[in-house]
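Novice: This is the structure, below, for whatever I ask next.
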Amino acid sequence: MTGEQRSQWVQILRLDKVHFPTPDSAKFTPNPPSNPAMARLSIEKPAYFINRELSWLNFNRRVLEEAEDESNPLLERLKFLSITASNLDEFFEVRVASVLQRIEDGYTTAGPDGLTPEQELDLINKETHDFMESQYASWNERLRPALAENGIRMLELNELDTNASDFLEDYCERDVDPLLTPITIDPAHPFPRVVNKALCLAFLLRRRRRSSAVYMGVITVPRALPRVLRVPSAEGTHDYVFLADLVASHAAKMYRGYEIVSAAAFRVTRNSNLYLQEEESRNLLESVRTELHNRRKGDAVRLEIESEAAPEIIERLRGNFGLEQWQVFRTQGPVNLSRVSSIYEQTQRPDLKYRAFVPRELHLTGKSRDIFEEIRKHDILLHHPFDSFNAVVGFIESAAKDPQVVSIRQTLYRTSEDSPIVQALIEAGATKEVTVVVELKARMDEASNIRWARSLEDAGVQVFHGLVGLKTHCKLLLLVRRDPDGVTRRYAHLGTGNYNSVTARFYTDLSLFTANEEITEAVQEVFNFLTAYADHAHYDPLLVAPVDCAERTLALITRETEHARAKRPARIIAKMNALLDKNIIQALYRASQAGVDIDLIVRGMCALRPGVRGVSDRIRVRSVVGRLLEHSRVYSFANGGEEELYLGSADWMPRNLYERVEVVFPLREPLLRQRVRQEILEAYLADNAKARVLQASGDYVRAGMLVSGRRRTAPMRFNAQEFLIGLAEGSELLTAIPALSPRTPRTRFQQRAEHA
């Protein structure tokens, strides 16, 4: 890629950032056109697109539904509530901050759904406040009482017995008080810089000798301290208190000479986007490190504060942080619900958690002496976490130790804190040519990646940071090995998920090991692109973003459209994390109009509006939210009876297709395609326990609530994730997947719309 081409890419990306973040869409009621031909002319209508931000908030509601679902173990429900809170943190840090930035910069362009950033913000305001009320209702009215019934108690300080009170007093004097710095705001003591998401306490103070003036005091609680403390219990219960309550109770000791008029815990969320001038940066690593420091001090976008806080405290804080009224969120409980996950971690109650399962280990076939000989015979497909990630770690570790392996190339986007994969690469750096592309801009993992990049460099590994203006998000590993037969071969691992042995235990992803010459040669060309901007006309058989992935994906959808028009078998099944790209959505609408049956399994955001007669009535969208985080991307095309199936790192989102380096790869071996189709896709399409089906209204309905004709169906409950766990453990068979009807039953909403 020439310097001029790089400059053009950067300009395209900047323009894309202006046009693709979408405004919002109100509730939509289908109004089917009388002439199907006219529908093909009107797929540009804003009403056919769901707003990305509201779609994301809808996803978080589905997570909250899991916290409310009494069929889930109680502590797992608590964990789901915690996840909704951390999700909402990131939503404000990134998405709300971006909308506010666009408004501040004067952008008024409407997105595909027809709403401007100002209109979008109005809807975010309402939805986030409503959602927070639902979170605290779940905590106060259902989860906290249920925990208490099971001997897990969140106590107020005045509910503690003498033994527990003495324990906390000792803990506070030993571990808490020495770390706290009380501040009184006056001309000599300005308001402290409150870092992003730090737990703080605000006080209204009055001097005992001069009682007329009211001061404000602030204590920031160091992050080294746990937010939830377990205290001794004589009754055999698991008893906890919140750290904020403990600090507030000790404030009088720190503000001697003052009367504490009022106190409240609060927390500020800040803009956490990185703003990098990559073209002008001589050292990307240092630029990211500097921006990470700045991010902790970014503009405030939200204030959470206890609902009983004095109005004067709220107004002083709001004024200090420059927030509008709608950005103040008064909590009916702890100001940081994500911290209740600590209760889950500290409570050893297996009876209130999911049953642990042991993933299936990779075993070599009879005559294979090692993994390399096995891969030479046939490709290997793993479905994590049902298939153990140890096979991937072992592959890299064996390559590091194998004297016949002469070079290793790998991408790293997110990896674990104590990564065995990075340790193996460091070890290999002493004796082999090792090249690692570390993405420094992986959101919320930047600091960890900087540390790993420096450790790798110190070990003699060639470390690159990807391409200017693009994130490196593809999951690739390439080995070159001198095999016993005298032939030097390439071996590749391609995946849908990160090289992270921790998240691989609860993220669903797919891994492919292959020695296929076409694929491994194309993987090598991708690495050349990443390290040298090396131009290449194509990367067949891979689809590579931002080079040709979008164009070729559209071509695959168009091919299905042509098959349908020619009365040949035509169907699309696609599984992904998010679907937002306008061009792909419109291509799917055209395919639906031509008669292609389309099933989309989209965990998170989906801007496509299914079930609109004449536009998307052949498109069905479902989201599966359960004990495991759905993360794999699978794209299946019937192709007139000659099925093609692809896996990859890319969702159908503008950022994946145009702002990142992504790789989507084909499954060539028929048995592997059959496994993905029959074992994975059909299981998720049959799920009626954890699947929700997207309606034309933009709402999601549990799949078990669907009806066929005028009569309610009562199918056997089928949970795809639990089935796949059972399959890995040997307690389930493929025949357990319920037979799928050719078309998913209509919902009551669709039936009413058709009879209107």
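The chains in the structure tokens are called A, B, ... from first to last as shown; in each chain the residues are counted from 1, and the ligands are counted from 1 in the order shown.
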For region 221-228 of chain A, list every protein, DNA or RNA residue within 7 Å, evaluated using only C-alpha atoms, and leave out those in the same chain fewer than 5 positions away; present the list as a list of chain:residue names.
Specialist: A:Leu179, A:Leu180, A:Leu199, A:Cys200, A:Tyr240, A:Val241, A:Phe242, A:Leu243, A:Arg339, A:Ser342
Novice: Determine, counting only C-alpha atoms, which protein, DNA and RNA residues have an atom within 7 Å of an atom of Val437 (chain A); residues of the same chain fewer than 4 positions away are not included. Present the result as JSON, numbers by chain.
Specialist: {"A": [410, 411, 412, 463, 464, 465, 466]}
Novice: So that each row is one residue of region 339-435 of chain A with an atom at most 10 Å from region 68-87 of chain A, can you give its shortest atom pair and the distance in Å to one decimal, using only C-alpha atoms, rows by chain and rising number, as a tab-separated table?
Specialist:
```
residue	atom	partner	partner_atom	distance
A:Arg339	CA	A:Ser82	CA	6.7
A:Val340	CA	A:Ser82	CA	6.0
A:Ser341	CA	A:Lys79	CA	5.4
A:Ser342	CA	A:Lys79	CA	8.9
A:Ile343	CA	A:Leu75	CA	8.2
A:Tyr344	CA	A:Leu75	CA	5.8
A:Glu345	CA	A:Leu75	CA	9.3
A:Thr347	CA	A:Leu75	CA	8.6
A:Arg349	CA	A:Leu75	CA	8.4
A:Pro350	CA	A:Leu75	CA	9.2
A:Asp351	CA	A:Pro73	CA	7.7
A:Leu352	CA	A:Pro73	CA	4.9
A:Lys353	CA	A:Pro73	CA	5.2
A:Tyr354	CA	A:Pro73	CA	6.3
A:Arg355	CA	A:Pro73	CA	9.3
```
Novice: Identify, with DSSP run on backbone atoms, the residues in region 96-273 of chain A assigned to strand (DSSP E or B), and express the list as a PyMOL selection string.
Specialist: chain A and resi 152-154+183-186+189+199-207+214-220+228-231+238-242+258-270
Novice: Residues at most 9 Å from Arg482 (chain A), counting only C-alpha atoms, excluding those fewer than 2 positions away in the same chain, as a VMD selection string?
Specialist: chain A and resid 403 to 406 480 484 to 489
Novice: Smallest atom-to-atom distance to Gln674 (chain A): which of A:Ser636, A:Ser272, A:Ser249, A:Thr561, using only C-alpha atoms?
Specialist: A:Ser636
